[in-house]
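Source file: input.tsv (TSV, C-alpha atoms and all ligand atoms)
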chain	number	residue	atom	x	y	z
Z	1	MET	CA	95.52	110.58	111.52
Z	2	ALA	CA	96.13	106.88	111.11
Z	3	ALA	CA	99.14	105.46	113.01
Z	4	LEU	CA	101.49	102.99	111.34
Z	5	ASP	CA	102.89	99.95	113.13
Z	6	SER	CA	106.65	100.61	113.29
Z	7	ASN	CA	107.34	96.84	113.32
Z	8	CYS	CA	105.97	96.55	109.79
Z	9	PHE	CA	107.31	99.76	108.24
Z	10	GLN	CA	110.62	101.56	108.04
Z	11	ILE	CA	111.74	104.89	106.65
Z	12	GLU	CA	115.14	105.04	104.99
Z	13	LEU	CA	117.08	107.03	102.40
Z	14	MET	CA	116.53	106.08	98.78
Z	15	GLY	CA	119.34	104.29	96.93
Z	16	PHE	CA	119.77	103.68	93.19
Z	17	GLU	CA	118.45	100.14	93.72
Z	18	ASP	CA	115.04	101.61	94.66
Z	19	MET	CA	114.68	103.53	91.37
Z	20	GLU	CA	112.24	101.21	89.56
Z	21	GLU	CA	109.79	101.02	92.46
Z	22	VAL	CA	109.89	104.77	92.95
Z	23	LEU	CA	109.39	105.51	89.24
Z	24	LYS	CA	106.37	103.19	89.16
Z	25	ILE	CA	104.69	105.09	91.99
Z	26	GLU	CA	105.71	108.44	90.49
Z	27	ARG	CA	104.15	107.59	87.11
Z	28	SER	CA	100.90	106.53	88.72
Z	29	SER	CA	100.74	109.69	90.88
Z	30	PHE	CA	101.33	112.75	88.68
Z	31	PRO	CA	100.26	114.11	85.27
Z	32	ALA	CA	103.86	115.27	84.71
Z	33	PRO	CA	105.96	112.70	86.60
Z	34	TRP	CA	109.63	113.09	87.42
Z	35	ASN	CA	111.82	110.83	85.28
Z	36	ARG	CA	114.90	108.75	86.10
Z	37	LYS	CA	117.22	111.66	85.33
Z	38	ILE	CA	115.51	113.91	87.88
Z	39	PHE	CA	115.60	111.27	90.63
Z	40	THR	CA	119.25	110.57	89.78
Z	41	GLY	CA	119.96	114.29	90.19
Z	42	GLU	CA	118.28	114.23	93.60
Z	43	LEU	CA	120.34	111.21	94.71
Z	44	GLU	CA	123.55	112.93	93.62
Z	45	ASN	CA	122.74	116.29	95.20
Z	46	PRO	CA	124.14	116.57	98.76
Z	47	GLN	CA	121.43	119.08	99.72
Z	48	SER	CA	118.64	116.72	98.66
Z	49	TYR	CA	117.16	113.86	100.70
Z	50	VAL	CA	114.75	111.29	99.33
Z	51	PHE	CA	113.18	109.18	102.09
Z	52	LEU	CA	111.22	106.03	101.35
Z	53	LEU	CA	108.65	104.33	103.50
Z	54	LYS	CA	109.00	100.57	103.04
Z	55	LYS	CA	106.66	97.87	104.19
Z	56	ILE	CA	108.50	94.91	105.74
Z	57	MET	CA	107.14	91.41	105.04
Z	58	GLY	CA	109.62	88.80	106.26
Z	59	GLU	CA	112.75	89.28	104.15
Z	60	GLU	CA	110.91	91.44	101.62
Z	61	LYS	CA	110.67	95.24	101.68
Z	62	THR	CA	108.35	97.14	99.37
Z	63	VAL	CA	108.38	100.88	98.72
Z	64	GLN	CA	104.95	102.32	99.51
Z	65	GLY	CA	105.73	106.04	99.40
Z	66	TYR	CA	108.45	108.66	99.33
Z	67	ILE	CA	109.18	112.26	100.15
Z	68	CYS	CA	111.90	114.50	98.68
Z	69	LEU	CA	113.29	117.51	100.46
Z	70	TRP	CA	116.01	120.08	100.16
Z	71	VAL	CA	117.49	121.56	103.31
Z	72	VAL	CA	119.19	124.87	102.46
Z	73	ASN	CA	120.01	127.86	104.69
Z	74	ASN	CA	117.69	126.96	107.56
Z	75	GLU	CA	114.82	126.31	105.19
Z	76	THR	CA	113.35	123.04	103.92
Z	77	TYR	CA	111.72	122.76	100.53
Z	78	ILE	CA	109.52	119.70	100.08
Z	79	SER	CA	109.72	118.98	96.38
Z	80	ASN	CA	107.88	115.68	96.05
Z	81	LEU	CA	105.60	113.37	98.03
Z	82	ALA	CA	103.66	110.39	96.75
Z	83	VAL	CA	102.11	107.19	98.06
Z	84	ASP	CA	101.36	104.07	96.01
Z	85	PRO	CA	97.67	104.41	95.02
Z	86	SER	CA	96.93	100.95	96.46
Z	87	CYS	CA	98.30	101.99	99.89
Z	88	GLN	CA	96.69	105.38	100.37
Z	89	ARG	CA	94.58	106.48	103.37
Z	90	GLN	CA	96.68	104.38	105.77
Z	91	GLY	CA	98.75	107.20	107.24
Z	92	ILE	CA	101.82	106.71	105.01
Z	93	ALA	CA	102.07	110.33	103.79
Z	94	THR	CA	101.49	111.53	107.35
Z	95	ALA	CA	104.36	109.36	108.63
Z	96	LEU	CA	106.69	110.48	105.82
Z	97	LEU	CA	105.86	114.16	106.24
Z	98	TYR	CA	106.28	114.04	110.00
Z	99	PHE	CA	109.61	112.23	109.62
Z	100	ALA	CA	110.82	114.80	107.05
Z	101	LEU	CA	109.83	117.74	109.23
Z	102	GLU	CA	111.54	116.25	112.28
Z	103	TYR	CA	114.67	115.49	110.24
Z	104	SER	CA	114.72	119.09	108.93
Z	105	PHE	CA	114.20	120.55	112.38
Z	106	LYS	CA	117.16	118.53	113.72
Z	107	LYS	CA	119.21	120.01	110.86
Z	108	LYS	CA	118.31	123.49	112.17
Z	109	SER	CA	115.68	124.23	109.56
Z	110	LYS	CA	113.27	126.92	110.75
Z	111	ARG	CA	110.48	126.46	108.23
Z	112	ALA	CA	109.20	124.11	105.56
Z	113	ILE	CA	107.88	125.33	102.21
Z	114	LEU	CA	106.03	123.40	99.52
Z	115	GLU	CA	103.92	123.90	96.47
Z	116	VAL	CA	100.57	122.22	95.77
Z	117	ARG	CA	98.08	122.33	92.90
Z	118	GLU	CA	94.96	124.22	93.87
Z	119	HIS	CA	92.67	121.27	92.98
Z	120	ASN	CA	94.74	118.59	94.69
Z	121	TYR	CA	92.20	118.07	97.44
Z	122	PRO	CA	93.85	115.03	99.18
Z	123	ALA	CA	97.21	116.80	99.42
Z	124	ARG	CA	95.65	120.05	100.60
Z	125	CYS	CA	93.77	118.18	103.36
Z	126	LEU	CA	97.00	116.50	104.42
Z	127	TYR	CA	98.89	119.81	104.62
Z	128	ASP	CA	95.98	121.43	106.46
Z	129	LYS	CA	96.28	118.77	109.13
Z	130	PHE	CA	99.87	119.81	109.71
Z	131	ASP	CA	98.81	123.48	109.81
Z	132	PHE	CA	100.68	124.55	106.69
Z	133	ARG	CA	99.58	128.09	105.81
Z	134	GLN	CA	99.23	129.57	102.34
Z	135	ILE	CA	101.75	132.38	101.72
Z	136	GLU	CA	101.44	132.88	97.99
Z	137	ILE	CA	99.39	131.90	94.96
Z	138	ARG	CA	100.86	131.60	91.46
Z	139	PRO	CA	97.95	131.80	89.01
Z	140	ASN	CA	97.84	129.33	86.07
Z	141	TYR	CA	101.21	127.96	87.10
Z	142	TYR	CA	100.63	124.40	85.81
Z	143	LYS	CA	100.31	124.58	82.05
Z	144	ASP	CA	98.85	121.04	81.66
Z	145	THR	CA	95.67	121.87	83.61
Z	146	ASP	CA	95.91	125.66	83.93
Z	147	GLU	CA	95.78	125.24	87.71
Z	148	SER	CA	97.27	127.71	90.13
Z	149	ALA	CA	100.09	126.75	92.47
Z	150	LEU	CA	99.62	127.43	96.16
Z	151	ILE	CA	102.80	128.01	98.14
Z	152	LEU	CA	102.44	126.76	101.72
Z	153	LYS	CA	104.66	127.31	104.74
Z	154	LEU	CA	105.00	125.69	108.15
Z	155	GLU	CA	107.02	127.25	110.98
Z	156	LEU	CA	108.86	124.29	112.49
Z	157	THR	CA	109.57	125.75	115.93
Z	158	MET	CA	105.89	126.37	116.41
Z	159	PHE	CA	104.99	122.95	115.03
Z	160	PHE	CA	107.36	121.04	117.32
Z	161	SER	CA	106.40	123.02	120.39
Z	162	LEU	CA	102.98	121.38	119.89
Z	163	SER	CA	104.36	118.07	118.64
Z	164	THR	CA	103.11	115.86	121.45
Z	165	THR	CA	99.58	116.33	120.21
Z	166	LYS	CA	100.51	116.14	116.52
Z	167	LYS	CA	102.83	113.15	116.31
Z	168	PRO	CA	101.24	110.46	114.10
Y	1	LIG	C1	98.33	113.22	98.85
Y	1	LIG	C2	98.86	111.83	99.20
Y	1	LIG	C3	100.38	111.88	99.29
Y	1	LIG	C4	98.26	111.40	100.57
Y	1	LIG	O1	98.82	110.15	100.94
Y	1	LIG	P1	98.12	109.17	102.01
Y	1	LIG	O2	99.17	108.21	102.46
Y	1	LIG	O3	96.90	108.61	101.43
Y	1	LIG	O4	97.75	110.19	103.17
Y	1	LIG	P2	97.40	109.80	104.70
Y	1	LIG	O5	96.80	108.44	104.74
Y	1	LIG	O6	98.58	110.06	105.55
Y	1	LIG	O7	96.25	110.86	105.00
Y	1	LIG	C5	96.43	111.97	105.86
Y	1	LIG	C6	95.30	112.95	105.65
Y	1	LIG	O8	95.33	113.50	104.34
Y	1	LIG	C7	94.00	113.72	103.87
Y	1	LIG	N1	93.72	112.87	102.71
Y	1	LIG	C8	94.50	111.91	102.18
Y	1	LIG	N2	93.89	111.38	101.08
Y	1	LIG	C9	92.71	112.01	100.96
Y	1	LIG	C10	91.65	111.90	100.03
Y	1	LIG	N3	91.69	111.02	99.00
Y	1	LIG	N4	90.59	112.71	100.17
Y	1	LIG	C11	90.53	113.61	101.18
Y	1	LIG	N5	91.51	113.76	102.12
Y	1	LIG	C12	92.60	112.96	101.98
Y	1	LIG	C13	93.08	113.35	105.02
Y	1	LIG	O9	92.91	114.52	105.78
Y	1	LIG	C14	93.92	112.32	105.75
Y	1	LIG	O10	93.59	112.18	107.10
Y	1	LIG	P3	92.45	111.10	107.51
Y	1	LIG	O11	92.80	109.81	106.82
Y	1	LIG	O12	92.58	111.04	109.00
Y	1	LIG	O13	91.16	111.68	107.03
Y	1	LIG	C15	98.41	110.77	98.15
Y	1	LIG	O14	97.03	110.94	97.90
Y	1	LIG	C16	99.16	110.85	96.83
Y	1	LIG	O15	100.21	110.24	96.67
Y	1	LIG	N6	98.61	111.59	95.88
Y	1	LIG	C17	99.23	111.73	94.54
Y	1	LIG	C18	100.53	112.52	94.59
Y	1	LIG	C19	100.32	113.90	95.22
Y	1	LIG	O16	99.35	114.57	94.93
Y	1	LIG	N7	101.31	114.31	96.04
Y	1	LIG	C20	101.28	115.61	96.71
Y	1	LIG	C21	101.91	116.62	95.84
Y	1	LIG	S1	101.83	118.25	96.57
Written as structure tokens, how would this file's structure read?
Ligand SMILES: CC(C)(COP(=O)(O)OP(=O)(O)OC[C@H]1O[C@@H](n2cnc3c(N)ncnc32)[C@H](O)[C@@H]1OP(=O)(O)O)[C@@H](O)C(=O)NCCC(=O)NCCS
Amino acid sequence: MAALDSNCFQIELMGFEDMEEVLKIERSSFPAPWNRKIFTGELENPQSYVFLLKKIMGEEKTVQGYICLWVVNNETYISNLAVDPSCQRQGIATALLYFALEYSFKKKSKRAILEVREHNYPARCLYDKFDFRQIEIRPNYYKDTDESALILKLELTMFFSLSTTKKP
């Protein structure tokens, strides 16, 4: 996996001031994008965390990707992940996912769960690299494309016992 230079990038929690940048990436990433109301709900929900990866250029910081997660009862649900199309294949999703998993693990989460479209090849490759395993399939779950949803799980204790070899 590509490694990011930590002098040029930082990961931080989303604030309302980041909304426009996030919505722009969201709209260019999904056939049924989340809207402002959904992101507002995430920002107001104490169980939800939206982390942004920002590129630092002098005084300027630009959002290049984000990940949303819920940490509830020792389980983490990853509800959203997207990277600006012009910044993909540089290790940004890898850095965000690793950060989110580490954050969840420190909050005593035992496993991470997510849902992916069966034909979303880039995302499935990414999750494969982290050793997410399929635990369920929901046929024809996405009505816009008739795709199935795959439910994937990663056991965090196992993942972090091997983390020296996996850290991006
Ligand atoms: C999926 C997504 C988040 C990946 O972001 P990214 O920053 O480009 O991913 P990374 O650079 O960290 O790539 C990590 C690995 O993912 C896989 N991957 C990423 N993009 C890929 C592509 N277009 N084709 C095949 N594999 C891909 C590769 O295995 C890659 O490792 P490698 O570069 O060493 O081969 C990005 O393509 C995206 O935002 N897609 C639209 C939104 C989306 O589908 N989100 C996931 C919802 S479940």
Within 9 Å of Val50 of chain Z using only C-alpha atoms, minus same-chain residues under 6 positions, as a list of chain:residue names |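 Contacts, with the query itself left out: Z:Glu12, Z:Leu13, Z:Met14, Z:Gly15, Z:Phe39, Z:Glu42, Z:Leu43, Z:Tyr66, Z:Ile67, Z:Cys68, Z:Leu69, Z:Trp70, Z:Asn80.
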Suppose we keep C-alpha atoms; can you now write the selection as a PDB file, keeping the file's coordinate frame?
ATOM      1  CA  GLU Z  12     115.140 105.040 104.990  1.00  0.00           C
ATOM      2  CA  LEU Z  13     117.080 107.030 102.400  1.00  0.00           C
ATOM      3  CA  MET Z  14     116.530 106.080  98.780  1.00  0.00           C
ATOM      4  CA  GLY Z  15     119.340 104.290  96.930  1.00  0.00           C
ATOM      5  CA  PHE Z  39     115.600 111.270  90.630  1.00  0.00           C
ATOM      6  CA  GLU Z  42     118.280 114.230  93.600  1.00  0.00           C
ATOM      7  CA  LEU Z  43     120.340 111.210  94.710  1.00  0.00           C
ATOM      8  CA  TYR Z  66     108.450 108.660  99.330  1.00  0.00           C
ATOM      9  CA  ILE Z  67     109.180 112.260 100.150  1.00  0.00           C
ATOM     10  CA  CYS Z  68     111.900 114.500  98.680  1.00  0.00           C
ATOM     11  CA  LEU Z  69     113.290 117.510 100.460  1.00  0.00           C
ATOM     12  CA  TRP Z  70     116.010 120.080 100.160  1.00  0.00           C
ATOM     13  CA  ASN Z  80     107.880 115.680  96.050  1.00  0.00           C
TER      14      ASN Z  80
END
For chain Z versus ligand LIG 1 (chain Y), which residues have an atom no more than 6 Å away, and what is each residue's nearest atom pair and distance in Å rounded to one decimal, using all atoms listed in the file, chain-then-number order, as a Markdown table?
| residue | atom | partner | partner_atom | distance |
| --- | --- | --- | --- | --- |
| Z:Met1 | CA | Y:LIG1 | O12 | 3.9 |
| Z:Ala2 | CA | Y:LIG1 | O12 | 5.9 |
| Z:Ser29 | CA | Y:LIG1 | C17 | 4.5 |
| Z:Phe30 | CA | Y:LIG1 | C18 | 6.0 |
| Z:Leu81 | CA | Y:LIG1 | N7 | 4.8 |
| Z:Ala82 | CA | Y:LIG1 | O15 | 3.5 |
| Z:Val83 | CA | Y:LIG1 | O15 | 3.9 |
| Z:Gln88 | CA | Y:LIG1 | O3 | 3.4 |
| Z:Arg89 | CA | Y:LIG1 | O5 | 3.3 |
| Z:Gln90 | CA | Y:LIG1 | O5 | 4.2 |
| Z:Gly91 | CA | Y:LIG1 | O6 | 3.3 |
| Z:Ile92 | CA | Y:LIG1 | O2 | 4.0 |
| Z:Ala93 | CA | Y:LIG1 | O2 | 3.8 |
| Z:Thr94 | CA | Y:LIG1 | O6 | 3.7 |
| Z:Val116 | CA | Y:LIG1 | S1 | 4.2 |
| Z:Pro122 | CA | Y:LIG1 | C9 | 3.7 |
| Z:Ala123 | CA | Y:LIG1 | C1 | 3.8 |
| Z:Cys125 | CA | Y:LIG1 | O9 | 4.5 |
| Z:Leu126 | CA | Y:LIG1 | O8 | 3.4 |
For atom CA of Lys61 of chain Z and atom CA of Ala32 of chain Z, the interatomic separation in Å (one decimal) |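 Computing it gives 27.1 Å between the two atoms.
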Tell me which of Z:Phe16, Z:Tyr141, Z:Phe9, Z:Tyr127 sits closest to Ile78 of chain Z, counting only C-alpha atoms.
-> Z:Tyr127
Name the closest residue to Leu23 of chain Z among the candidates Z:Asn140, Z:Ser48, Z:Gln64, Z:Gln10; distances are taken between atoms, counting all atoms listed in the file.
->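 Of Z:Asn140, Z:Ser48, Z:Gln64, Z:Gln10, the one nearest Leu23 of chain Z is Z:Gln64, counting all atoms listed in the file.
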Separation of atom CA of Gly65 of chain Z from atom CA of Leu53 of chain Z, in Å and rounded to one decimal =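 Distance between the two atoms: 5.3 Å.
With atom CA of Thr40 of chain Z on one side and atom CA of Tyr77 of chain Z on the other, the separation reads 17.9 Å.
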Given the choices Z:Tyr49, Z:Pro85, Z:Asp144, Z:Arg36, which gets closest to Ala100 of chain Z if the distance is worked out from all atoms listed in the file?
-> Z:Tyr49
Between Z:Cys87, Z:Ala112, Z:Leu52, Z:Val63, which is the closest to Leu156 of chain Z once you count only C-alpha atoms?
->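 Among the listed residues, the smallest separation from Leu156 of chain Z belongs to Z:Ala112.
For the choices Z:Gln134, Z:Asn35, Z:Ser104, Z:Thr145, the atom-to-atom distance to Val72 of chain Z is smallest for Z:Ser104 when using all atoms listed in the file.
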Quick one: everything within 12 Å of Leu162 of chain Z, counting all atoms listed in the file, minus sequence neighbours fewer than 5 positions away in the same chain. Send it as a ChimeraX atom specification.
-> /Z:130-131,155-157,167
Taking C-alpha atoms for each residue, export the selection above as a compact mmCIF listing (two decimals), in the frame of the given file.
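Contents of the output file out.txt:
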# COMPACT_ATOMS: atom_id res chain seq x y z
CA PHE Z 130 99.87 119.81 109.71
CA ASP Z 131 98.81 123.48 109.81
CA GLU Z 155 107.02 127.25 110.98
CA LEU Z 156 108.86 124.29 112.49
CA THR Z 157 109.57 125.75 115.93
CA LYS Z 167 102.83 113.15 116.31
Could you tell me which of Z:Cys8, Z:Ser109, Z:Ser86, Z:Tyr103 comes closest to Glu59 of chain Z if we count all atoms listed in the file?
->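 Among the listed residues, Z:Cys8 lies closest to Glu59 of chain Z.
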Scan for residues within 9 Å of the point (101.1, 132.2, 97.4) in the coordinates of the file, using only C-alpha atoms, and reply as a list in words.
-> Glu115, Gln134, Ile135, Glu136, Ile137, Arg138, Pro139, Ala149, Leu150, Ile151 and Leu152 of chain Z
